[in-house]
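What follows is a single structure, written as C-alpha cells, with notes after it.
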Number of protein chains: 2
Amino acid sequence: MADKKNDRKKIDHNRSADVAALAVLEQNAGLDEGRVETAFDRYLKMQPQCNFGKTGVCCRICLQGPCRITRKADKGICGAHAYTIVARNLIRAITSGASSHGDHGRHIVYTALNMLEDKAGGYSIEDKDKLFRVAERLGLDTENKDERKVLEEVAGLALEDFIKASDDPCKWLESTVVEDRMEKFDQCGISPRGIHTTIAESMAQTHMGMDADPVNLIFQGLKMALCDYIGMHIATDLSDILFGTPEPVTTEANFGVMEPETVNIALHGHNPLLSEMIVRAAKDMKDEATEAGAAGIKCMGICCTGNEVLMRQGVPVLTNFLSQELPMMTGALDAMVVDVQCIMPGVKAVSECFRTRVVTTMSNSKIPGSYHVAFSEEEPLERAKEIIRLGIEAFKERKGQEVNIPQVKNKVTAGFSMEALEEILGAVNPEQPFKVITDAIDSAQLGGVVLFAGCNNLRVLQDHSHSEMIRELARNNILMVATGCAAGSAAKMGLMNDEAVELHAGEGLKSFIHALNEANRDKLNGNKLPLVFHMGSCVDNSRALDLATALARQWDVDMPKIPFAASAPEAMSEKAVAIGSWWVALGIPTHVGVVPEVTGSALVNGIALQIAEDVYGGYFIWEEDPAEAARKILDAVRERSWKLNLHRKLAEQYDTPVSAGY
Amino acid sequence: MADKKNDRKKIDHNRSADVAALAVLEQNAGLDEGRVETAFDRYLKMQPQCNFGKTGVCCRICLQGPCRITRKADKGICGAHAYTIVARNLIRAITSGASSHGDHGRHIVYTALNMLEDKAGGYSIEDKDKLFRVAERLGLDTENKDERKVLEEVAGLALEDFIKASDDPCKWLESTVVEDRMEKFDQCGISPRGIHTTIAESMAQTHMGMDADPVNLIFQGLKMALCDYIGMHIATDLSDILFGTPEPVTTEANFGVMEPETVNIALHGHNPLLSEMIVRAAKDMKDEATEAGAAGIKCMGICCTGNEVLMRQGVPVLTNFLSQELPMMTGALDAMVVDVQCIMPGVKAVSECFRTRVVTTMSNSKIPGSYHVAFSEEEPLERAKEIIRLGIEAFKERKGQEVNIPQVKNKVTAGFSMEALEEILGAVNPEQPFKVITDAIDSAQLGGVVLFAGCNNLRVLQDHSHSEMIRELARNNILMVATGCAAGSAAKMGLMNDEAVELHAGEGLKSFIHALNEANRDKLNGNKLPLVFHMGSCVDNSRALDLATALARQWDVDMPKIPFAASAPEAMSEKAVAIGSWWVALGIPTHVGVVPEVTGSALVNGIALQIAEDVYGGYFIWEEDPAEAARKILDAVRERSWKLNLHRKLAEQYDTPVSAGY
C-alpha cells in the first residue's frame, strides 16, 4: 500500500516543474483521508488515451460512425481517407478557437457600443490616444470628431469585421499586417469575408459528404485562423481603449501571493470586462473586509483574466492553467471568479472540499452547482461587489483556521504593450524605435526574437519546457516576449524579472537589456527590464504579431524573412491551434511542444511541417523535448538572420534595395 | 473460400431492402476479380465501432484528450462530466448541420442578389406570385414595386437573417411559426440573434473550459437548431422564386431509369443552382449526344439535388444516399455531377473501375482526383454544357459494351409544395383548404399526419424501416408527407404513387385520398395522388413545418397540440440532428430510428426523451425496430387527436374557445 502511494506521488510530481504546485500536490498526495482529486489525478486515470483520437483519424462527423482508420479499415464508411478526416477535425478545432477569440472580442465591442448608448455603466474611454491611433490606422477621418464619435466608428468597423458579407478585406487584417502578406492571402484565396461567415463556411465545409480535399480544407482552416487573429486584435485594441494600454508594472507571482489574513480573490478566465470592475470594487470595499476581520482584499489572477489585470492593474499572478484547482487546496482562497474559457469544471468539486466560492459570471459559461452572479453591463460594479461579498463570507468561515500556503513567489515586471515597448526602445532611437532591435540583430548582438505563447498541457511536465527553453534561448541572446499561460509560467518561475537577466542572458542579450535600462532610467520607477517581456493575455498575441510586423517593416521585408519564431511548448486549447495556424500563415516558424492530432495523415502532417513553408514561409515544428525544441528554433531564427545579412551585404555591394534582391 | 464468400454476400444483402441496390451488390459480391469496394463493405470492415464515440462520451475538444468516460475515469481530465461532454458534442453536430443548410440558403440568396446586378446569367424570377407572397409574409410593402425591387428586398432580409447582430427576431422565424411558439422561444431565450452569430456562439460555448452546464448547452443547441430551420426556409423560398414552385409531376424511380443507349447523367448533392441548369442544358444538347451515337441525354437524381429536380422538372430518381456508389457499377452511368453535402468521397474510387466521370462543381466540396468544373454564377449554362460533354465523352467510351442495369423502377408522383397541397385541398374547400385535413382528423377519418425525413444509415437496413413504417402508418390512416432521402426511399420502393394507396392505405386514408382525386380530376393530368406526398429535399422540411403550422392555425392551437409527428428512420447526417432538434423545439414528437450519440449521459438523454416535452411539447423517440417505432408514433399522434377532440367537445359543451380551455 505504502509503495503504491509513493509511486502515485512520484508520478504526480513528475507532471509539474512548479515547486508551489508540487508542494500542494505533495501535501494532498500524503493525505490518507480527504484527498482531493485534481486534473493531475484525472490525467493518470485517463491513461492510456485513445491513439485514434490522438492522431486525428477518428471521425464522428456522421451518425454512421465513429470511423477509425486502421490497416483493415483504411477509409471511413463514406470512403473518406485519413487526410480528409484529419483535415476536417483540425479545421473544426481552428473554428472553435477563432469563435472563442471572436466571442471575446465581440463582447467588448458590444460593451463599447452599449457604453455609447449609456447602457454600460462604469465603462469609459480610458485611453483616448490609443483610440485615435486605432482610428487612424483604420483610415478613419478623426478630424473635428469627439472621442465618443470616434469610438462609435471604430466599434462599428469592428462589428463589421465580424458580420460583414462583402468581399472587402477585413479592416483589422488589412490595417495591421504587411502589404506582401495581404497580397499572399488574396493570391491563395484565404482573405476572409468576415469572421462569422467564415465560421459558418468552415462548419459547412466539414460536414459529411462535403470537402474531401485536404489542401482545400487546410486553406479554409488558414482563412479561419486569420479570423482568429482579427478577433484577437479587435479584443486587444478595444480593451486598451476601454481599460488603458498597459505600461510596465512590477508585482509578484505564484501561490505565495496569497496572504492568510486577507480576503483572497482569484480572477480566472479571459475577459477584462468584469475583472477590471472587481479590482476597482475591491479597493472600495476594504472596510467591509476589515469589519469581517480581514486585513484587506487581495485580488490575484489565473490564466488570461489574470494576465489582463496584471498588465493593466499590476494585480499579482496566482497561477496558470494547469494548476488552477490547487490554490483552493491551501485553504486560503476565498473566491474564484471565472468568466470564459479554460475554466476546468473540476474547480467546482475541489471547492466543495474547502470554502472557496466558485462564482461563474457569464451566461455561456456555467458550472452546475457553483455560484452564479450574472455579469451585467448596466451595473458591473454592483455585480463585482456582490461577488466580493461572497469572498468575504467565505473568509469569515475560514478565519482563524490553519491555511497552508507554499511560500513561493517571484518578482514579475510586466505590462509590455507595443506602445510601452515603443517608448522603451524610443529612449534609444526616438525616430525609429524598432531599429534598436533590428540593428541589434543585424550586428549579431541579438540572435532574433521569439514569442512564447500557449497553455499548459498534462501530456508534458507543467512549466518545464517553458523554463528550459527560455533559459536556453536567453543564453543564445534571443529577445523573448510572452503571452497567455506561457507568460504565466515565466512569471511564476522567476524568469520575468531583472534578476533573470543577470542569471540567464547571454552577453549580447544582457548588454542589449542593460542599454535599454540605462536609457530608460527615469521611466521605470526604479525597476529594471525583465528577461522575458510579458505582452499580455492570449488575445494579445496580436501585440506579438504587431511587434513582428514592426520588425518586418523596419527591415522592409515580408514576414518570412524576419528572424522571428513563435513557440507554444504546452499548447492545449483549440484557441492555441488557431493561433499557431495564423502564425504559420503569417510567415513565422511555429514550434508546438505537444504533437497535435494530425500525425494520422502523413499528407496533412507534411503540409503543416513542410509544404506550408513553400506557400506561406511559415511552418510548424513539433518537438516535445525542450532542448531539441530550443535548438530547432535557434536554427530557424539563425538561418533567417544569416540570409537577411547575406542579402543585405549583396544589396550593398550591388547597390540594389534589399527587398528587391530577395 | 466459397462459404466465406457466401457469408460475406449474405451480410451485404442484409444491409439494404432495395432490390435494385441488392442486385448490384450481389453481382459485385459474386465477382472473383474486379470486385469494387462500396460503403456496404467499408461498414463491415469498420466493425466493431467505438462505443465511447457511439454513446457520445469521447471528448476531443482539447489537446490533452481524447478523454473517454469510463467507470475508472468518470470525468474528463478537466473535470467535465459525461453530461457536459455529450451535450457539447451534440451541439457541435447541430452547429454543423445548421451551417450546412445555412450555406445552401446563403448561396441561393447571393445568386439572387447577383442576378439583380446582372452578375448571374441564366437565372430569373420564375415564380413571381411566390415572390410576392413571401414578401407579404415578411411584412414588406409591395405596392407599386416591380418584381426585381421586391426580390432585392426579400433577398436583403434573408441576408439580414444570416448576418444580423441585433436582437430583433429573425424574419424567417417570426413570419412562419405560430405566435405561441415565438413566445415560447422568447421565454426560453432561444430566439436567435442571427444565423452566423449563433454559429459563432455555439462554437465558442463548446470550447474547452466554457460551458459545463448541460441544460444551458442544450438551450443553445435548440437556438442553433432554429437557425437551421431559418436557413432551410430561406433556401426553399428563394429556390421556388428562382426555379418555380413545385406542382404535381409523375415520373419513375430506381436504377431502372437508366437506359443503355442514352447518356446517363446523375445529379447528386443538394443545391438546385447548377442542377437546374444541367437539366436545361441537356435539352439543348440532344444533337451532340446523337452525334456520339446516343439516343439522347437522360438526367436523373440522387439525394436532394435529385429531389430538387424531381420536384420542379420531373427528373427521375436514380437512388438515395446509401446506394450512391452503385449506379456506376452497372456500367451505364456516364457522369455523376455533385454539388454539396452527403457526397461519399468513395464515389471517386468506384468511378475509377468504370468510365463514369465524377464531376465536382463547388469550391468548398472537392474530391482529390475527380473532375472539377467550377460552378459559375456568371455562366452556369456554359459550365453545365461542359459537364454534359464529359458525360458524352464517357458514353462514347462505353458505347456497344455490355451494361447491367437492374430492371427495377417504380412510378412516382411528386411535387407537393405547400402551394400544390393548398390547391389540391382547395378543390374540396376553397375557403379553408387545410380544414379538409383537420376535419378528417377530427372525424377520425385520418389518424393524424406524419412526416418522413432524413437519410440512410448503414447501422440499419437501407430503406427497410422507411417502407415498413410507411405501410404500417398507411394501414392506420395516417396522412404522410416525406422529404429528403426518406422521400427517395418511398419513391424507389413504390410507395409514392396511386397504386400504393390501393395496396396499403386503410379505409379512412383511402377514402380521403380518393375524395381529393375526385375533386382534382381535371388538375392532375390523368394522374392520381400518391400514398406519401413528396414535399422536396431536406431543406424543404420547411414545407412540412409550414403544413404543421397551417394545421395548428386551422385548429387555432399551439404546435404541441396537433396530431403531427416527424420520423427519421435512418438519420445519418449532422443536418438530420439539427432538423430533429428544431422539430422538437417546435413542439412535435420526433422519432429517430438510429440512436444518436447521447446515451452516454442519462441526463442529456432524459432531456431529449422527456424533459424536452415539459418545456417545448416536442420530444424525441429513439426506436430502431420499425414496428415498434410505428406503434410509438401512432400512440403519440393518437394521444394528441384524442386530447384535441376531448377539449373540442368540452369547449362546445361550455361554449368557450378550444384554445382557452386547453
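In the C-alpha cells, chains take the letters A, B, ... in the order shown, each chain's residues start at 1, and ligands count up from 1 in the order shown.
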With only C-alpha atoms as the counted atoms, please give the residues lying no more than 6 Å from region 405-419 of chain A, apart from itself and same-chain residues fewer than 4 positions off, as a PDB file with N, CA and C atoms, in the first residue's frame.
```pdb
ATOM      1  N   ALA A  20       5.646  25.408  -6.240  1.00  0.00           N
ATOM      2  CA  ALA A  20       4.456  25.729  -5.442  1.00  0.00           C
ATOM      3  C   ALA A  20       3.352  24.719  -5.712  1.00  0.00           C
ATOM      4  N   PRO A 246      -1.464  48.887 -21.487  1.00  0.00           N
ATOM      5  CA  PRO A 246      -0.514  48.523 -20.435  1.00  0.00           C
ATOM      6  C   PRO A 246       0.799  49.284 -20.491  1.00  0.00           C
ATOM      7  N   GLU A 247       1.327  49.534 -19.316  1.00  0.00           N
ATOM      8  CA  GLU A 247       2.643  50.133 -19.148  1.00  0.00           C
ATOM      9  C   GLU A 247       3.402  49.271 -18.142  1.00  0.00           C
ATOM     10  N   PRO A 248       4.716  49.374 -18.122  1.00  0.00           N
ATOM     11  CA  PRO A 248       5.478  48.494 -17.226  1.00  0.00           C
ATOM     12  C   PRO A 248       5.007  48.583 -15.775  1.00  0.00           C
ATOM     13  N   VAL A 249       4.931  47.446 -15.168  1.00  0.00           N
ATOM     14  CA  VAL A 249       4.396  47.348 -13.818  1.00  0.00           C
ATOM     15  C   VAL A 249       5.106  46.176 -13.144  1.00  0.00           C
ATOM     16  N   THR A 250       5.368  46.305 -11.859  1.00  0.00           N
ATOM     17  CA  THR A 250       6.080  45.225 -11.173  1.00  0.00           C
ATOM     18  C   THR A 250       5.245  44.680 -10.012  1.00  0.00           C
ATOM     19  N   THR A 251       5.165  43.372  -9.936  1.00  0.00           N
ATOM     20  CA  THR A 251       4.419  42.722  -8.852  1.00  0.00           C
ATOM     21  C   THR A 251       5.022  41.332  -8.622  1.00  0.00           C
ATOM     22  N   GLU A 252       4.207  40.397  -8.125  1.00  0.00           N
ATOM     23  CA  GLU A 252       4.738  39.075  -7.800  1.00  0.00           C
ATOM     24  C   GLU A 252       3.856  37.967  -8.384  1.00  0.00           C
ATOM     25  N   ALA A 253       4.420  36.786  -8.439  1.00  0.00           N
ATOM     26  CA  ALA A 253       3.672  35.662  -8.992  1.00  0.00           C
ATOM     27  C   ALA A 253       3.916  34.380  -8.212  1.00  0.00           C
ATOM     28  N   ASN A 254       2.901  33.589  -8.170  1.00  0.00           N
ATOM     29  CA  ASN A 254       2.820  32.229  -7.610  1.00  0.00           C
ATOM     30  C   ASN A 254       2.092  32.217  -6.255  1.00  0.00           C
ATOM     31  N   GLY A 256       2.517  32.082  -3.298  1.00  0.00           N
ATOM     32  CA  GLY A 256       2.920  32.915  -2.171  1.00  0.00           C
ATOM     33  C   GLY A 256       2.265  34.288  -2.167  1.00  0.00           C
ATOM     34  N   MET A 311      -1.434  43.099 -16.445  1.00  0.00           N
ATOM     35  CA  MET A 311      -0.871  44.054 -17.409  1.00  0.00           C
ATOM     36  C   MET A 311      -1.332  45.484 -17.129  1.00  0.00           C
ATOM     37  N   THR A 330      -4.993  25.152  -0.592  1.00  0.00           N
ATOM     38  CA  THR A 330      -4.218  25.733   0.509  1.00  0.00           C
ATOM     39  C   THR A 330      -5.141  26.148   1.646  1.00  0.00           C
ATOM     40  N   ALA A 491       6.386  33.974 -15.423  1.00  0.00           N
ATOM     41  CA  ALA A 491       6.195  34.819 -14.237  1.00  0.00           C
ATOM     42  C   ALA A 491       6.385  33.999 -12.965  1.00  0.00           C
ATOM     43  N   GLY A 494       9.986  32.764 -12.098  1.00  0.00           N
ATOM     44  CA  GLY A 494      11.044  33.726 -11.824  1.00  0.00           C
ATOM     45  C   GLY A 494      11.872  34.119 -13.034  1.00  0.00           C
ATOM     46  N   MET A 496      10.692  36.364 -15.306  1.00  0.00           N
ATOM     47  CA  MET A 496      10.128  37.571 -15.868  1.00  0.00           C
ATOM     48  C   MET A 496      10.538  38.785 -15.022  1.00  0.00           C
ATOM     49  N   ASN A 497      11.831  38.804 -14.690  1.00  0.00           N
ATOM     50  CA  ASN A 497      12.319  39.943 -13.911  1.00  0.00           C
ATOM     51  C   ASN A 497      13.785  40.214 -14.259  1.00  0.00           C
ATOM     52  N   HIS A 534       6.452  40.446 -21.027  1.00  0.00           N
ATOM     53  CA  HIS A 534       5.050  40.000 -20.969  1.00  0.00           C
ATOM     54  C   HIS A 534       4.198  40.922 -21.827  1.00  0.00           C
ATOM     55  N   MET A 535       3.622  40.384 -22.896  1.00  0.00           N
ATOM     56  CA  MET A 535       2.800  41.220 -23.783  1.00  0.00           C
ATOM     57  C   MET A 535       1.305  41.077 -23.527  1.00  0.00           C
TER      58      MET A 535
END
```
Write out, as a Markdown table, each residue of chain A that has an atom at most 6 Å from chain B, together with the closest pair of atoms and their distance in Å to one decimal, counting only C-alpha atoms, rows going by chain and rising number.
```
| residue | atom | partner | partner_atom | distance |
| --- | --- | --- | --- | --- |
| A:Ala39 | CA | B:Ile77 | CA | 5.3 |
| A:Arg42 | CA | B:Ile77 | CA | 4.9 |
| A:Tyr43 | CA | B:Ile77 | CA | 5.2 |
| A:Lys45 | CA | B:Ala73 | CA | 5.5 |
| A:Met46 | CA | B:Ala73 | CA | 5.7 |
| A:Gly53 | CA | B:Pro66 | CA | 5.8 |
| A:Cys62 | CA | B:Ser573 | CA | 5.0 |
| A:Leu63 | CA | B:Met572 | CA | 4.7 |
| A:Gln64 | CA | B:Asn457 | CA | 5.9 |
| A:Pro66 | CA | B:Gly53 | CA | 5.8 |
| A:Ala73 | CA | B:Lys45 | CA | 5.5 |
| A:Ile77 | CA | B:Arg42 | CA | 4.9 |
| A:Cys78 | CA | B:Met344 | CA | 4.8 |
| A:Gly79 | CA | B:Gly346 | CA | 4.0 |
| A:Ala80 | CA | B:Pro345 | CA | 5.5 |
| A:Ser96 | CA | B:Met203 | CA | 4.9 |
| A:Ser99 | CA | B:Ala204 | CA | 5.0 |
| A:Ser100 | CA | B:Ala204 | CA | 4.3 |
| A:Ile163 | CA | B:Ile163 | CA | 5.5 |
| A:His196 | CA | B:His196 | CA | 5.3 |
| A:Ala200 | CA | B:Ser99 | CA | 5.2 |
| A:Met203 | CA | B:Ser96 | CA | 4.8 |
| A:Ala204 | CA | B:Ser100 | CA | 4.3 |
| A:Gln205 | CA | B:Asn364 | CA | 5.8 |
| A:Met208 | CA | B:Cys342 | CA | 5.6 |
| A:Gly209 | CA | B:Cys342 | CA | 3.8 |
| A:Met210 | CA | B:Gln341 | CA | 4.7 |
| A:Asp211 | CA | B:Ser365 | CA | 3.8 |
| A:Ala212 | CA | B:Ile367 | CA | 5.0 |
| A:Asp213 | CA | B:Ile367 | CA | 5.3 |
| A:Val340 | CA | B:Met210 | CA | 5.7 |
| A:Gln341 | CA | B:Gly209 | CA | 4.7 |
| A:Cys342 | CA | B:Gly209 | CA | 3.8 |
| A:Ile343 | CA | B:Gly209 | CA | 4.1 |
| A:Met344 | CA | B:Cys78 | CA | 4.9 |
| A:Pro345 | CA | B:Gly79 | CA | 5.1 |
| A:Gly346 | CA | B:Gly79 | CA | 4.0 |
| A:Asn364 | CA | B:Asp211 | CA | 5.8 |
| A:Ser365 | CA | B:Asp211 | CA | 3.8 |
| A:Lys366 | CA | B:Asp211 | CA | 5.1 |
| A:Ile367 | CA | B:Ala212 | CA | 5.0 |
| A:Pro368 | CA | B:Asp213 | CA | 5.4 |
| A:Asn457 | CA | B:Gln64 | CA | 5.9 |
| A:Met572 | CA | B:Leu63 | CA | 4.6 |
| A:Ser573 | CA | B:Cys62 | CA | 4.9 |
```
Selection near region 499-511 of chain A, 6 Å with only C-alpha atoms, sequence-local residues under 3 positions removed, as an NGL selection string: :A and (445-446 or 471 or 474-477 or 495 or 514 or 531)
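Counting from CA of Ala82 (chain B), the distance to CA of Ser601 (chain B) is 5.6 Å.
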Please indicate the distance in Å from CA of Glu288 (chain A) to CA of Val315 (chain A), rounded to one decimal place. 20.3 Å
Going by DSSP on the backbone, which residues of region 402-625 of chain A come out as strand (DSSP E or B)? List them as a PDB file with N, CA and C atoms, in the first residue's frame.
```pdb
ATOM      1  N   ASN A 410       7.663  34.994  -6.968  1.00  0.00           N
ATOM      2  CA  ASN A 410       8.755  35.615  -7.701  1.00  0.00           C
ATOM      3  C   ASN A 410       8.353  36.997  -8.182  1.00  0.00           C
ATOM      4  N   LYS A 411       9.335  37.860  -8.236  1.00  0.00           N
ATOM      5  CA  LYS A 411       9.107  39.204  -8.761  1.00  0.00           C
ATOM      6  C   LYS A 411       8.809  39.127 -10.255  1.00  0.00           C
ATOM      7  N   VAL A 412       7.842  39.938 -10.684  1.00  0.00           N
ATOM      8  CA  VAL A 412       7.452  39.998 -12.105  1.00  0.00           C
ATOM      9  C   VAL A 412       7.416  41.440 -12.565  1.00  0.00           C
ATOM     10  N   THR A 413       8.067  41.732 -13.669  1.00  0.00           N
ATOM     11  CA  THR A 413       7.837  43.025 -14.316  1.00  0.00           C
ATOM     12  C   THR A 413       7.136  42.751 -15.634  1.00  0.00           C
ATOM     13  N   ALA A 414       5.924  43.279 -15.759  1.00  0.00           N
ATOM     14  CA  ALA A 414       5.081  43.002 -16.928  1.00  0.00           C
ATOM     15  C   ALA A 414       4.611  44.324 -17.533  1.00  0.00           C
ATOM     16  N   GLY A 448      17.797  37.013 -32.502  1.00  0.00           N
ATOM     17  CA  GLY A 448      16.465  37.054 -33.105  1.00  0.00           C
ATOM     18  C   GLY A 448      15.441  37.271 -32.012  1.00  0.00           C
ATOM     19  N   VAL A 449      14.179  37.136 -32.374  1.00  0.00           N
ATOM     20  CA  VAL A 449      13.093  37.346 -31.417  1.00  0.00           C
ATOM     21  C   VAL A 449      12.217  36.100 -31.378  1.00  0.00           C
ATOM     22  N   VAL A 450      11.841  35.673 -30.193  1.00  0.00           N
ATOM     23  CA  VAL A 450      10.952  34.515 -30.056  1.00  0.00           C
ATOM     24  C   VAL A 450       9.804  34.854 -29.113  1.00  0.00           C
ATOM     25  N   LEU A 451       8.609  34.463 -29.552  1.00  0.00           N
ATOM     26  CA  LEU A 451       7.416  34.594 -28.710  1.00  0.00           C
ATOM     27  C   LEU A 451       7.130  33.265 -28.035  1.00  0.00           C
ATOM     28  N   PHE A 452       6.906  33.295 -26.740  1.00  0.00           N
ATOM     29  CA  PHE A 452       6.352  32.129 -26.049  1.00  0.00           C
ATOM     30  C   PHE A 452       4.866  32.368 -25.798  1.00  0.00           C
ATOM     31  N   GLN A 462       4.278  20.213 -16.473  1.00  0.00           N
ATOM     32  CA  GLN A 462       3.853  21.616 -16.424  1.00  0.00           C
ATOM     33  C   GLN A 462       5.038  22.571 -16.255  1.00  0.00           C
ATOM     34  N   ILE A 478      18.567  35.454 -27.485  1.00  0.00           N
ATOM     35  CA  ILE A 478      17.278  35.660 -28.144  1.00  0.00           C
ATOM     36  C   ILE A 478      16.441  36.613 -27.283  1.00  0.00           C
ATOM     37  N   LEU A 479      15.923  37.639 -27.935  1.00  0.00           N
ATOM     38  CA  LEU A 479      14.994  38.533 -27.237  1.00  0.00           C
ATOM     39  C   LEU A 479      13.644  37.834 -27.173  1.00  0.00           C
ATOM     40  N   MET A 480      13.058  37.770 -25.961  1.00  0.00           N
ATOM     41  CA  MET A 480      11.833  36.976 -25.803  1.00  0.00           C
ATOM     42  C   MET A 480      10.647  37.796 -25.322  1.00  0.00           C
ATOM     43  N   VAL A 481       9.500  37.548 -25.946  1.00  0.00           N
ATOM     44  CA  VAL A 481       8.238  38.101 -25.462  1.00  0.00           C
ATOM     45  C   VAL A 481       7.340  36.912 -25.127  1.00  0.00           C
ATOM     46  N   ALA A 482       6.318  37.140 -24.326  1.00  0.00           N
ATOM     47  CA  ALA A 482       5.450  36.025 -23.948  1.00  0.00           C
ATOM     48  C   ALA A 482       4.027  36.508 -23.722  1.00  0.00           C
ATOM     49  N   THR A 483       3.091  35.596 -23.922  1.00  0.00           N
ATOM     50  CA  THR A 483       1.668  35.882 -23.693  1.00  0.00           C
ATOM     51  C   THR A 483       1.032  34.660 -23.014  1.00  0.00           C
ATOM     52  N   VAL A 532      12.100  38.155 -19.979  1.00  0.00           N
ATOM     53  CA  VAL A 532      11.031  37.865 -20.941  1.00  0.00           C
ATOM     54  C   VAL A 532       9.997  38.983 -20.822  1.00  0.00           C
ATOM     55  N   PHE A 533       9.600  39.547 -21.944  1.00  0.00           N
ATOM     56  CA  PHE A 533       8.674  40.689 -21.919  1.00  0.00           C
ATOM     57  C   PHE A 533       7.238  40.204 -22.035  1.00  0.00           C
ATOM     58  N   HIS A 534       6.452  40.446 -21.027  1.00  0.00           N
ATOM     59  CA  HIS A 534       5.050  40.000 -20.969  1.00  0.00           C
ATOM     60  C   HIS A 534       4.198  40.922 -21.827  1.00  0.00           C
ATOM     61  N   MET A 535       3.622  40.384 -22.896  1.00  0.00           N
ATOM     62  CA  MET A 535       2.800  41.220 -23.783  1.00  0.00           C
ATOM     63  C   MET A 535       1.305  41.077 -23.527  1.00  0.00           C
ATOM     64  N   GLY A 536       0.916  40.175 -22.618  1.00  0.00           N
ATOM     65  CA  GLY A 536      -0.497  40.129 -22.271  1.00  0.00           C
ATOM     66  C   GLY A 536      -1.120  38.753 -22.327  1.00  0.00           C
ATOM     67  N   PHE A 564      12.325  35.638 -36.548  1.00  0.00           N
ATOM     68  CA  PHE A 564      11.309  35.666 -35.501  1.00  0.00           C
ATOM     69  C   PHE A 564      10.663  34.283 -35.496  1.00  0.00           C
ATOM     70  N   ALA A 565      10.441  33.729 -34.321  1.00  0.00           N
ATOM     71  CA  ALA A 565       9.740  32.444 -34.226  1.00  0.00           C
ATOM     72  C   ALA A 565       8.744  32.495 -33.090  1.00  0.00           C
ATOM     73  N   ALA A 566       7.752  31.628 -33.165  1.00  0.00           N
ATOM     74  CA  ALA A 566       6.774  31.510 -32.085  1.00  0.00           C
ATOM     75  C   ALA A 566       6.868  30.105 -31.508  1.00  0.00           C
ATOM     76  N   SER A 567       6.562  29.999 -30.236  1.00  0.00           N
ATOM     77  CA  SER A 567       6.620  28.681 -29.603  1.00  0.00           C
ATOM     78  C   SER A 567       5.502  28.525 -28.592  1.00  0.00           C
ATOM     79  N   ALA A 568       4.789  27.424 -28.682  1.00  0.00           N
ATOM     80  CA  ALA A 568       3.781  27.065 -27.679  1.00  0.00           C
ATOM     81  C   ALA A 568       4.193  25.722 -27.100  1.00  0.00           C
ATOM     82  N   PRO A 589       7.990  30.572 -38.364  1.00  0.00           N
ATOM     83  CA  PRO A 589       8.166  29.202 -37.875  1.00  0.00           C
ATOM     84  C   PRO A 589       7.549  29.085 -36.479  1.00  0.00           C
ATOM     85  N   THR A 590       6.782  28.050 -36.279  1.00  0.00           N
ATOM     86  CA  THR A 590       5.989  27.953 -35.050  1.00  0.00           C
ATOM     87  C   THR A 590       6.188  26.593 -34.407  1.00  0.00           C
ATOM     88  N   HIS A 591       6.829  26.609 -33.270  1.00  0.00           N
ATOM     89  CA  HIS A 591       7.063  25.369 -32.538  1.00  0.00           C
ATOM     90  C   HIS A 591       5.869  25.033 -31.642  1.00  0.00           C
ATOM     91  N   VAL A 592       5.495  23.772 -31.614  1.00  0.00           N
ATOM     92  CA  VAL A 592       4.465  23.305 -30.686  1.00  0.00           C
ATOM     93  C   VAL A 592       5.055  22.124 -29.920  1.00  0.00           C
ATOM     94  N   TYR A 619       5.896  27.643 -40.971  1.00  0.00           N
ATOM     95  CA  TYR A 619       5.708  26.189 -40.900  1.00  0.00           C
ATOM     96  C   TYR A 619       5.705  25.790 -39.429  1.00  0.00           C
ATOM     97  N   PHE A 620       5.223  24.585 -39.170  1.00  0.00           N
ATOM     98  CA  PHE A 620       5.201  24.083 -37.787  1.00  0.00           C
ATOM     99  C   PHE A 620       6.433  23.238 -37.486  1.00  0.00           C
ATOM    100  N   ILE A 621       6.802  23.227 -36.222  1.00  0.00           N
ATOM    101  CA  ILE A 621       7.824  22.319 -35.696  1.00  0.00           C
ATOM    102  C   ILE A 621       7.176  21.599 -34.516  1.00  0.00           C
ATOM    103  N   TRP A 622       7.012  20.278 -34.599  1.00  0.00           N
ATOM    104  CA  TRP A 622       6.543  19.541 -33.411  1.00  0.00           C
ATOM    105  C   TRP A 622       7.775  19.016 -32.677  1.00  0.00           C
TER     106      TRP A 622
END
```
I'd like the neighbourhood of Ala629 (chain A) as a VMD selection string, where a residue qualifies if any of its atoms comes within 9 Å (using only C-alpha atoms), though same-chain residues fewer than 2 positions away should be ignored. chain A and resid 465 469 567 569 591 to 593 621 to 627 631 to 634
If you run DSSP on this backbone, which residues of region 201-267 of chain A come out as helix (DSSP H, G or I), and could you give them as JSON, numbers by chain? {"A": [201, 202, 203, 204, 205, 214, 215, 216, 217, 218, 219, 220, 221, 222, 223, 224, 225, 226, 227, 228, 229, 230, 231, 232, 233, 234, 235, 236, 237, 238, 239, 240, 241, 242, 243, 255, 256, 257]}
Shell of 12 Å around Arg148 (chain A), only C-alpha atoms, local chain residues under 6 positions omitted, as a PyMOL selection string: chain A and resi 112-118+124-128+131-132+135+142+154-156+241-242
